[in-house]
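For reference, upload_27.pdb (PDB, C-alpha atoms, pLDDT in the B column):
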ATOM      1  CA  GLY D   1      -5.688  -7.985  14.514  1.00 65.00           C
ATOM      2  CA  ALA D   2      -3.061  -6.001  12.593  1.00 83.00           C
ATOM      3  CA  VAL D   3      -4.851  -2.665  12.589  1.00 91.00           C
ATOM      4  CA  VAL D   4      -3.088   0.564  11.688  1.00 95.00           C
ATOM      5  CA  SER D   5      -4.601   3.939  12.446  1.00 96.00           C
ATOM      6  CA  GLN D   6      -3.741   7.437  11.304  1.00 97.00           C
ATOM      7  CA  HIS D   7      -4.544  10.777  12.847  1.00 97.00           C
ATOM      8  CA  PRO D   8      -5.884  13.086  11.677  1.00 97.00           C
ATOM      9  CA  SER D   9      -7.913  11.627   8.821  1.00 97.00           C
ATOM     10  CA  TRP D  10      -7.907  15.004   7.122  1.00 97.00           C
ATOM     11  CA  VAL D  11      -6.343  18.384   7.774  1.00 97.00           C
ATOM     12  CA  ILE D  12      -6.482  21.813   6.174  1.00 97.00           C
ATOM     13  CA  CYS D  13      -3.713  24.252   6.914  1.00 96.00           C
ATOM     14  CA  LYS D  14      -2.339  27.564   5.729  1.00 96.00           C
ATOM     15  CA  SER D  15       0.737  27.785   3.572  1.00 96.00           C
ATOM     16  CA  GLY D  16       3.900  28.015   5.657  1.00 96.00           C
ATOM     17  CA  THR D  17       2.631  26.107   8.655  1.00 96.00           C
ATOM     18  CA  SER D  18       3.713  22.650   9.789  1.00 97.00           C
ATOM     19  CA  VAL D  19       1.469  19.620  10.064  1.00 97.00           C
ATOM     20  CA  LYS D  20       2.074  16.434  12.040  1.00 97.00           C
ATOM     21  CA  ILE D  21       0.501  13.115  11.031  1.00 98.00           C
ATOM     22  CA  GLU D  22       0.519  10.137  13.383  1.00 97.00           C
ATOM     23  CA  CYS D  23       0.601   6.473  12.410  1.00 96.00           C
ATOM     24  CA  ARG D  24      -0.104   3.857  15.057  1.00 95.00           C
ATOM     25  CA  SER D  25      -0.111   0.065  15.024  1.00 92.00           C
ATOM     26  CA  LEU D  26      -2.954  -0.669  17.425  1.00 93.00           C
ATOM     27  CA  ASP D  27      -2.570  -4.325  18.211  1.00 88.00           C
ATOM     28  CA  PHE D  28       0.915  -5.319  17.130  1.00 86.00           C
ATOM     29  CA  GLN D  29       4.471  -4.134  17.293  1.00 86.00           C
ATOM     30  CA  ALA D  30       5.883  -2.720  14.096  1.00 86.00           C
ATOM     31  CA  THR D  31       9.633  -2.571  13.757  1.00 81.00           C
ATOM     32  CA  THR D  32       9.314  -0.909  10.367  1.00 88.00           C
ATOM     33  CA  MET D  33       6.840   1.668   9.149  1.00 92.00           C
ATOM     34  CA  PHE D  34       6.552   3.187   5.705  1.00 94.00           C
ATOM     35  CA  TRP D  35       5.221   6.528   4.532  1.00 97.00           C
ATOM     36  CA  TYR D  36       3.601   6.923   1.125  1.00 97.00           C
ATOM     37  CA  ARG D  37       2.150   9.872  -0.747  1.00 97.00           C
ATOM     38  CA  GLN D  38      -0.579   9.662  -3.351  1.00 96.00           C
ATOM     39  CA  PHE D  39      -1.633  12.464  -5.662  1.00 95.00           C
ATOM     40  CA  PRO D  40      -5.055  12.389  -7.346  1.00 91.00           C
ATOM     41  CA  LYS D  41      -5.442   9.626  -9.928  1.00 89.00           C
ATOM     42  CA  GLN D  42      -1.910   8.420  -9.296  1.00 92.00           C
ATOM     43  CA  SER D  43      -0.408   5.424  -7.554  1.00 92.00           C
ATOM     44  CA  LEU D  44       1.207   5.348  -4.141  1.00 94.00           C
ATOM     45  CA  MET D  45       4.761   6.632  -4.041  1.00 95.00           C
ATOM     46  CA  LEU D  46       7.023   5.590  -1.193  1.00 95.00           C
ATOM     47  CA  MET D  47       8.519   8.550   0.625  1.00 96.00           C
ATOM     48  CA  ALA D  48      10.537   6.930   3.382  1.00 95.00           C
ATOM     49  CA  THR D  49      11.141   3.841   5.448  1.00 92.00           C
ATOM     50  CA  SER D  50      11.199   4.246   9.193  1.00 90.00           C
ATOM     51  CA  ASN D  51      12.760   1.828  11.662  1.00 86.00           C
ATOM     52  CA  GLU D  52      12.134   2.120  15.360  1.00 82.00           C
ATOM     53  CA  GLY D  53      14.898   3.965  17.122  1.00 81.00           C
ATOM     54  CA  SER D  54      16.865   4.920  14.039  1.00 84.00           C
ATOM     55  CA  LYS D  55      16.840   7.546  11.325  1.00 87.00           C
ATOM     56  CA  ALA D  56      14.449   7.153   8.445  1.00 92.00           C
ATOM     57  CA  THR D  57      15.627   6.205   4.982  1.00 93.00           C
ATOM     58  CA  TYR D  58      14.239   8.569   2.368  1.00 95.00           C
ATOM     59  CA  GLU D  59      13.545   7.764  -1.261  1.00 94.00           C
ATOM     60  CA  GLN D  60      15.309   9.722  -3.933  1.00 94.00           C
ATOM     61  CA  GLY D  61      13.780  13.130  -4.462  1.00 94.00           C
ATOM     62  CA  VAL D  62      12.109  13.347  -1.053  1.00 95.00           C
ATOM     63  CA  GLU D  63      13.414  16.203   1.076  1.00 94.00           C
ATOM     64  CA  LYS D  64      14.272  14.859   4.508  1.00 92.00           C
ATOM     65  CA  ASP D  65      14.345  18.336   6.048  1.00 94.00           C
ATOM     66  CA  LYS D  66      10.854  19.025   4.814  1.00 96.00           C
ATOM     67  CA  PHE D  67       9.288  15.699   5.698  1.00 97.00           C
ATOM     68  CA  LEU D  68      10.449  14.876   9.211  1.00 96.00           C
ATOM     69  CA  ILE D  69       9.871  11.328  10.343  1.00 94.00           C
ATOM     70  CA  ASN D  70      10.113  10.104  13.908  1.00 90.00           C
ATOM     71  CA  HIS D  71       9.681   6.469  14.917  1.00 88.00           C
ATOM     72  CA  ALA D  72      10.136   6.642  18.665  1.00 82.00           C
ATOM     73  CA  SER D  73       8.331   3.450  19.636  1.00 89.00           C
ATOM     74  CA  LEU D  74       7.249   0.134  18.168  1.00 88.00           C
ATOM     75  CA  THR D  75       3.702   1.384  17.774  1.00 92.00           C
ATOM     76  CA  LEU D  76       4.062   5.005  16.685  1.00 93.00           C
ATOM     77  CA  SER D  77       5.618   6.865  13.786  1.00 94.00           C
ATOM     78  CA  THR D  78       5.017  10.499  12.948  1.00 95.00           C
ATOM     79  CA  LEU D  79       5.415  12.464   9.733  1.00 97.00           C
ATOM     80  CA  THR D  80       5.752  16.223  10.012  1.00 97.00           C
ATOM     81  CA  VAL D  81       5.340  18.291   6.874  1.00 97.00           C
ATOM     82  CA  THR D  82       7.264  21.469   7.610  1.00 96.00           C
ATOM     83  CA  SER D  83       6.495  24.804   5.976  1.00 96.00           C
ATOM     84  CA  ALA D  84       3.735  23.229   3.942  1.00 96.00           C
ATOM     85  CA  HIS D  85       2.865  24.639   0.529  1.00 96.00           C
ATOM     86  CA  PRO D  86      -0.083  23.948  -1.777  1.00 96.00           C
ATOM     87  CA  GLU D  87       1.971  21.468  -3.797  1.00 96.00           C
ATOM     88  CA  ASP D  88       2.263  19.343  -0.643  1.00 96.00           C
ATOM     89  CA  SER D  89      -1.488  18.789  -0.724  1.00 97.00           C
ATOM     90  CA  SER D  90      -1.867  15.042  -1.082  1.00 97.00           C
ATOM     91  CA  PHE D  91      -3.100  11.806   0.489  1.00 97.00           C
ATOM     92  CA  TYR D  92      -0.506  10.528   2.957  1.00 98.00           C
ATOM     93  CA  ILE D  93      -0.629   6.841   3.869  1.00 97.00           C
ATOM     94  CA  CYS D  94       1.452   4.864   6.309  1.00 97.00           C
ATOM     95  CA  SER D  95       1.975   1.134   6.561  1.00 94.00           C
ATOM     96  CA  ALA D  96       3.512  -1.082   9.183  1.00 91.00           C
ATOM     97  CA  SER D  97       5.182  -4.432   8.935  1.00 85.00           C
ATOM     98  CA  HIS D  98       4.161  -7.010  11.472  1.00 72.00           C
ATOM     99  CA  SER D  99       7.029  -8.321  13.536  1.00 62.00           C
ATOM    100  CA  GLY D 100       5.109 -11.409  14.616  1.00 62.00           C
ATOM    101  CA  VAL D 101       3.606 -14.313  12.737  1.00 57.00           C
ATOM    102  CA  LEU D 102       2.333 -12.069   9.952  1.00 56.00           C
ATOM    103  CA  TYR D 103       5.850 -10.895   9.170  1.00 56.00           C
ATOM    104  CA  ASN D 104       5.372 -11.225   5.433  1.00 64.00           C
ATOM    105  CA  GLU D 105       2.705  -8.593   5.251  1.00 75.00           C
ATOM    106  CA  GLN D 106       2.344  -4.866   5.511  1.00 84.00           C
ATOM    107  CA  PHE D 107      -0.782  -3.298   6.906  1.00 89.00           C
ATOM    108  CA  PHE D 108      -1.907   0.107   5.790  1.00 94.00           C
ATOM    109  CA  GLY D 109      -3.524   2.948   7.630  1.00 96.00           C
ATOM    110  CA  PRO D 110      -6.644   4.676   6.297  1.00 97.00           C
ATOM    111  CA  GLY D 111      -4.686   7.678   5.058  1.00 97.00           C
ATOM    112  CA  THR D 112      -4.586  11.395   5.883  1.00 98.00           C
ATOM    113  CA  ARG D 113      -5.743  13.933   3.354  1.00 97.00           C
ATOM    114  CA  LEU D 114      -3.730  17.134   3.601  1.00 97.00           C
ATOM    115  CA  THR D 115      -4.934  20.313   1.942  1.00 97.00           C
ATOM    116  CA  VAL D 116      -2.656  23.339   2.060  1.00 97.00           C
ATOM    117  CA  LEU D 117      -4.310  26.648   1.253  1.00 96.00           C
TER
ATOM    118  CA  ASP H   1      11.621  -5.471  -7.039  1.00 53.00           C
ATOM    119  CA  ALA H   2      10.599  -6.924 -10.391  1.00 56.00           C
ATOM    120  CA  LYS H   3       8.156  -4.889 -12.430  1.00 87.00           C
ATOM    121  CA  THR H   4       4.606  -5.958 -13.113  1.00 95.00           C
ATOM    122  CA  THR H   5       2.218  -5.201 -15.954  1.00 95.00           C
ATOM    123  CA  GLN H   6      -1.523  -4.963 -15.451  1.00 97.00           C
ATOM    124  CA  PRO H   7      -4.379  -3.783 -17.672  1.00 97.00           C
ATOM    125  CA  PRO H   8      -5.387  -0.252 -16.670  1.00 96.00           C
ATOM    126  CA  SER H   9      -9.066  -1.031 -16.277  1.00 97.00           C
ATOM    127  CA  MET H  10     -11.625  -3.823 -16.313  1.00 97.00           C
ATOM    128  CA  ASP H  11     -15.370  -4.173 -15.857  1.00 97.00           C
ATOM    129  CA  CYS H  12     -17.152  -7.131 -14.344  1.00 97.00           C
ATOM    130  CA  ALA H  13     -20.827  -7.838 -13.799  1.00 97.00           C
ATOM    131  CA  GLU H  14     -21.993  -8.148 -10.223  1.00 97.00           C
ATOM    132  CA  GLY H  15     -22.137 -11.772  -9.114  1.00 97.00           C
ATOM    133  CA  ARG H  16     -19.707 -12.964 -11.744  1.00 97.00           C
ATOM    134  CA  ALA H  17     -16.092 -13.953 -11.205  1.00 97.00           C
ATOM    135  CA  ALA H  18     -13.585 -11.170 -11.729  1.00 98.00           C
ATOM    136  CA  ASN H  19     -10.278 -12.349 -13.178  1.00 98.00           C
ATOM    137  CA  LEU H  20      -7.448  -9.832 -12.938  1.00 98.00           C
ATOM    138  CA  PRO H  21      -4.252 -10.680 -14.817  1.00 98.00           C
ATOM    139  CA  CYS H  22      -0.718  -9.656 -13.998  1.00 97.00           C
ATOM    140  CA  ASN H  23       2.507 -10.194 -15.909  1.00 97.00           C
ATOM    141  CA  HIS H  24       5.784 -10.415 -14.013  1.00 95.00           C
ATOM    142  CA  SER H  25       8.172 -11.980 -16.474  1.00 94.00           C
ATOM    143  CA  THR H  26      11.334 -10.887 -14.604  1.00 93.00           C
ATOM    144  CA  ILE H  27      10.329 -12.271 -11.217  1.00 93.00           C
ATOM    145  CA  SER H  28      13.172 -13.765  -9.212  1.00 90.00           C
ATOM    146  CA  GLY H  29      13.125 -17.151  -7.549  1.00 90.00           C
ATOM    147  CA  ASN H  30      12.747 -15.736  -4.045  1.00 87.00           C
ATOM    148  CA  GLU H  31      10.073 -13.193  -4.907  1.00 90.00           C
ATOM    149  CA  TYR H  32       6.447 -13.651  -4.044  1.00 90.00           C
ATOM    150  CA  VAL H  33       3.414 -12.272  -5.854  1.00 93.00           C
ATOM    151  CA  TYR H  34       1.331  -9.970  -3.640  1.00 92.00           C
ATOM    152  CA  TRP H  35      -2.052  -8.465  -4.353  1.00 95.00           C
ATOM    153  CA  TYR H  36      -3.451  -5.383  -2.665  1.00 94.00           C
ATOM    154  CA  ARG H  37      -6.489  -3.295  -3.464  1.00 97.00           C
ATOM    155  CA  GLN H  38      -7.368   0.303  -2.759  1.00 97.00           C
ATOM    156  CA  ILE H  39     -10.915   1.467  -2.500  1.00 95.00           C
ATOM    157  CA  HIS H  40     -11.354   5.150  -3.272  1.00 91.00           C
ATOM    158  CA  SER H  41      -9.844   7.461  -0.630  1.00 89.00           C
ATOM    159  CA  GLN H  42      -8.786   4.589   1.631  1.00 94.00           C
ATOM    160  CA  GLY H  43      -5.500   2.892   2.429  1.00 95.00           C
ATOM    161  CA  PRO H  44      -4.558  -0.254   0.492  1.00 95.00           C
ATOM    162  CA  GLN H  45      -5.875  -3.572   1.748  1.00 93.00           C
ATOM    163  CA  TYR H  46      -3.907  -6.794   1.605  1.00 90.00           C
ATOM    164  CA  ILE H  47      -5.666  -9.525  -0.374  1.00 94.00           C
ATOM    165  CA  ILE H  48      -3.407 -12.512  -0.885  1.00 93.00           C
ATOM    166  CA  HIS H  49       0.106 -13.570  -1.775  1.00 91.00           C
ATOM    167  CA  GLY H  50       1.845 -16.672  -3.128  1.00 92.00           C
ATOM    168  CA  LEU H  51       5.143 -18.063  -4.336  1.00 92.00           C
ATOM    169  CA  LYS H  52       4.377 -20.762  -6.905  1.00 92.00           C
ATOM    170  CA  ASN H  53       1.389 -22.749  -5.703  1.00 87.00           C
ATOM    171  CA  ASN H  54      -2.149 -21.557  -6.133  1.00 94.00           C
ATOM    172  CA  GLU H  55      -3.535 -19.909  -3.031  1.00 96.00           C
ATOM    173  CA  THR H  56      -7.045 -19.287  -1.758  1.00 97.00           C
ATOM    174  CA  ASN H  57      -8.401 -17.362   1.179  1.00 95.00           C
ATOM    175  CA  GLU H  58     -11.719 -15.867   2.172  1.00 94.00           C
ATOM    176  CA  MET H  59     -11.281 -12.960  -0.201  1.00 94.00           C
ATOM    177  CA  ALA H  60      -9.832 -14.391  -3.375  1.00 97.00           C
ATOM    178  CA  SER H  61      -7.844 -17.032  -5.210  1.00 98.00           C
ATOM    179  CA  LEU H  62      -4.428 -16.561  -6.735  1.00 98.00           C
ATOM    180  CA  ILE H  63      -3.388 -18.626  -9.726  1.00 98.00           C
ATOM    181  CA  ILE H  64       0.306 -18.519 -10.624  1.00 97.00           C
ATOM    182  CA  THR H  65       1.534 -20.026 -13.872  1.00 96.00           C
ATOM    183  CA  GLU H  66       4.078 -22.808 -13.711  1.00 95.00           C
ATOM    184  CA  ASP H  67       6.846 -20.581 -15.070  1.00 95.00           C
ATOM    185  CA  ARG H  68       5.775 -17.878 -12.553  1.00 96.00           C
ATOM    186  CA  LYS H  69       5.834 -15.218 -15.233  1.00 95.00           C
ATOM    187  CA  SER H  70       2.197 -14.331 -14.771  1.00 97.00           C
ATOM    188  CA  SER H  71      -0.648 -14.698 -12.332  1.00 97.00           C
ATOM    189  CA  THR H  72      -4.377 -14.130 -12.054  1.00 98.00           C
ATOM    190  CA  LEU H  73      -6.323 -12.866  -9.079  1.00 98.00           C
ATOM    191  CA  ILE H  74      -9.840 -14.264  -8.971  1.00 98.00           C
ATOM    192  CA  LEU H  75     -12.700 -12.722  -7.035  1.00 98.00           C
ATOM    193  CA  PRO H  76     -15.235 -15.547  -7.266  1.00 96.00           C
ATOM    194  CA  HIS H  77     -18.467 -13.605  -6.839  1.00 95.00           C
ATOM    195  CA  ALA H  78     -17.833  -9.930  -7.348  1.00 96.00           C
ATOM    196  CA  THR H  79     -19.941  -7.399  -5.464  1.00 97.00           C
ATOM    197  CA  LEU H  80     -20.219  -3.647  -5.842  1.00 97.00           C
ATOM    198  CA  ARG H  81     -17.923  -3.270  -2.839  1.00 96.00           C
ATOM    199  CA  ASP H  82     -15.137  -4.906  -4.837  1.00 97.00           C
ATOM    200  CA  THR H  83     -14.886  -1.827  -7.047  1.00 98.00           C
ATOM    201  CA  ALA H  84     -11.313  -0.646  -6.435  1.00 97.00           C
ATOM    202  CA  VAL H  85      -7.830  -0.362  -7.888  1.00 97.00           C
ATOM    203  CA  TYR H  86      -6.015  -3.692  -7.651  1.00 98.00           C
ATOM    204  CA  TYR H  87      -2.245  -3.770  -7.406  1.00 97.00           C
ATOM    205  CA  CYS H  88      -0.043  -6.731  -8.244  1.00 97.00           C
ATOM    206  CA  ILE H  89       3.388  -6.471  -6.620  1.00 94.00           C
ATOM    207  CA  VAL H  90       6.332  -8.851  -6.538  1.00 92.00           C
ATOM    208  CA  ARG H  91       8.876  -8.797  -3.738  1.00 86.00           C
ATOM    209  CA  VAL H  92      10.691 -10.999  -1.285  1.00 82.00           C
ATOM    210  CA  ALA H  93       8.617 -12.324   1.603  1.00 73.00           C
ATOM    211  CA  ASN H  94       9.806  -9.884   4.198  1.00 68.00           C
ATOM    212  CA  GLY H  95       7.450  -7.350   5.660  1.00 62.00           C
ATOM    213  CA  ASN H  96      10.327  -4.984   6.249  1.00 69.00           C
ATOM    214  CA  GLU H  97      10.908  -4.702   2.519  1.00 77.00           C
ATOM    215  CA  LYS H  98       9.206  -1.831   0.755  1.00 83.00           C
ATOM    216  CA  LEU H  99       6.320  -2.303  -1.628  1.00 87.00           C
ATOM    217  CA  THR H 100       6.596  -0.674  -5.031  1.00 89.00           C
ATOM    218  CA  PHE H 101       3.170   0.136  -6.407  1.00 92.00           C
ATOM    219  CA  GLY H 102       2.559   0.262 -10.136  1.00 91.00           C
ATOM    220  CA  THR H 103      -0.493   1.765 -11.748  1.00 91.00           C
ATOM    221  CA  GLY H 104      -2.747  -1.199 -10.993  1.00 95.00           C
ATOM    222  CA  THR H 105      -6.050  -2.225 -12.555  1.00 97.00           C
ATOM    223  CA  ARG H 106      -9.154  -0.183 -11.895  1.00 97.00           C
ATOM    224  CA  LEU H 107     -11.895  -2.799 -11.516  1.00 98.00           C
ATOM    225  CA  THR H 108     -15.463  -1.589 -11.819  1.00 98.00           C
ATOM    226  CA  ILE H 109     -18.263  -3.912 -10.794  1.00 97.00           C
ATOM    227  CA  ILE H 110     -21.390  -3.217 -12.804  1.00 97.00           C
ATOM    228  CA  PRO H 111     -24.822  -3.833 -11.276  1.00 95.00           C
TER
END

What does the file become when written as structure tokens?
Amino acid sequence: GAVVSQHPSWVICKSGTSVKIECRSLDFQATTMFWYRQFPKQSLMLMATSNEGSKATYEQGVEKDKFLINHASLTLSTLTVTSAHPEDSSFYICSASHSGVLYNEQFFGPGTRLTVL
Amino acid sequence: DAKTTQPPSMDCAEGRAANLPCNHSTISGNEYVYWYRQIHSQGPQYIIHGLKNNETNEMASLIITEDRKSSTLILPHATLRDTAVYYCIVRVANGNEKLTFGTGTRLTIIP
């Protein structure tokens, strides 16, 4: 149990286009989901915290109009990178907190590698 | 969240125990010690967590000092698949609270 998936696993897009990344909790309900970004040889940096049915909370320095987050259900959150540029190329990872007996833990998706040409 | 300090890298021979240290001298009374690992190009994987007692599961053991200012993650019989970056994180035991990742320890298992 407690599996988180992401789609797509990798994506290549042209500069100026928008890309949507999905994060799903497959076998549990997740009231809170988190979005991280990881550049090569660096650690994970939290971008935003997403609660089902409410607006996401963004970390300082993260542009909310550029990185649109929607958490419409207890099993799905989406991150849309709008007007992507090469500097947005990164590894995007989501995590979900378990609302059941495993409430202390966060479970991570496999990540989505975005390359902007 | 309190900050943690870990060595940037470690090597361990295959089959031996890997002992990964972590200092968290400013940990608060209600904060737990969590360990995650990240294999190259994958999402982080939860390993173990504890408050003050030593903990063991199928993956590893966690030894926390009595003053809780440091801890050690032990992989009892390291395999090549344990090569990863290991992150020690302290936070309250609430899955809705964010995790703050430091730089971690890059553990390399040597054949």

| request: Please determine the contact residues of chain H with respect to chain D at a cut-off of 8 Å, counting only C-alpha atoms, and supply them as a count of residues only. | output: 17

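Relative to atom CA of His49 of chain H, atom CA of Val92 of chain H is found at 10.9 Å.
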
| For atom CA of Cys12 of chain H and atom CA of Arg106 of chain H, the interatomic separation in Å (one decimal) | 10.9 Å

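Once the PyMOL selection byres ((chain D and resi 82) around 7) is applied to this file, the selection holds D:Thr17, D:Ser18, D:Val19, D:Lys66, D:Phe67, D:Thr80, D:Val81, D:Ser83, D:Ala84.
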
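If you measure from each of H:Thr26, H:Asn53, H:Thr105, H:Ser61 to His77 of chain H using all atoms listed in the file, the closest one turns out to be H:Ser61.
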
| request: Kindly provide, as a PyMOL selection string, the polymer residues lying within 10 Å of (5.6, -17.0, -8.6), counting all atoms listed in the file and using the coordinates exactly as they appear in the file. | output: chain H and resi 24-25+27-34+49-54+63-71+90

| atom CA of Leu68 of chain D to atom CA of Tyr36 of chain H, straight-line distance in Å | 27.3 Å
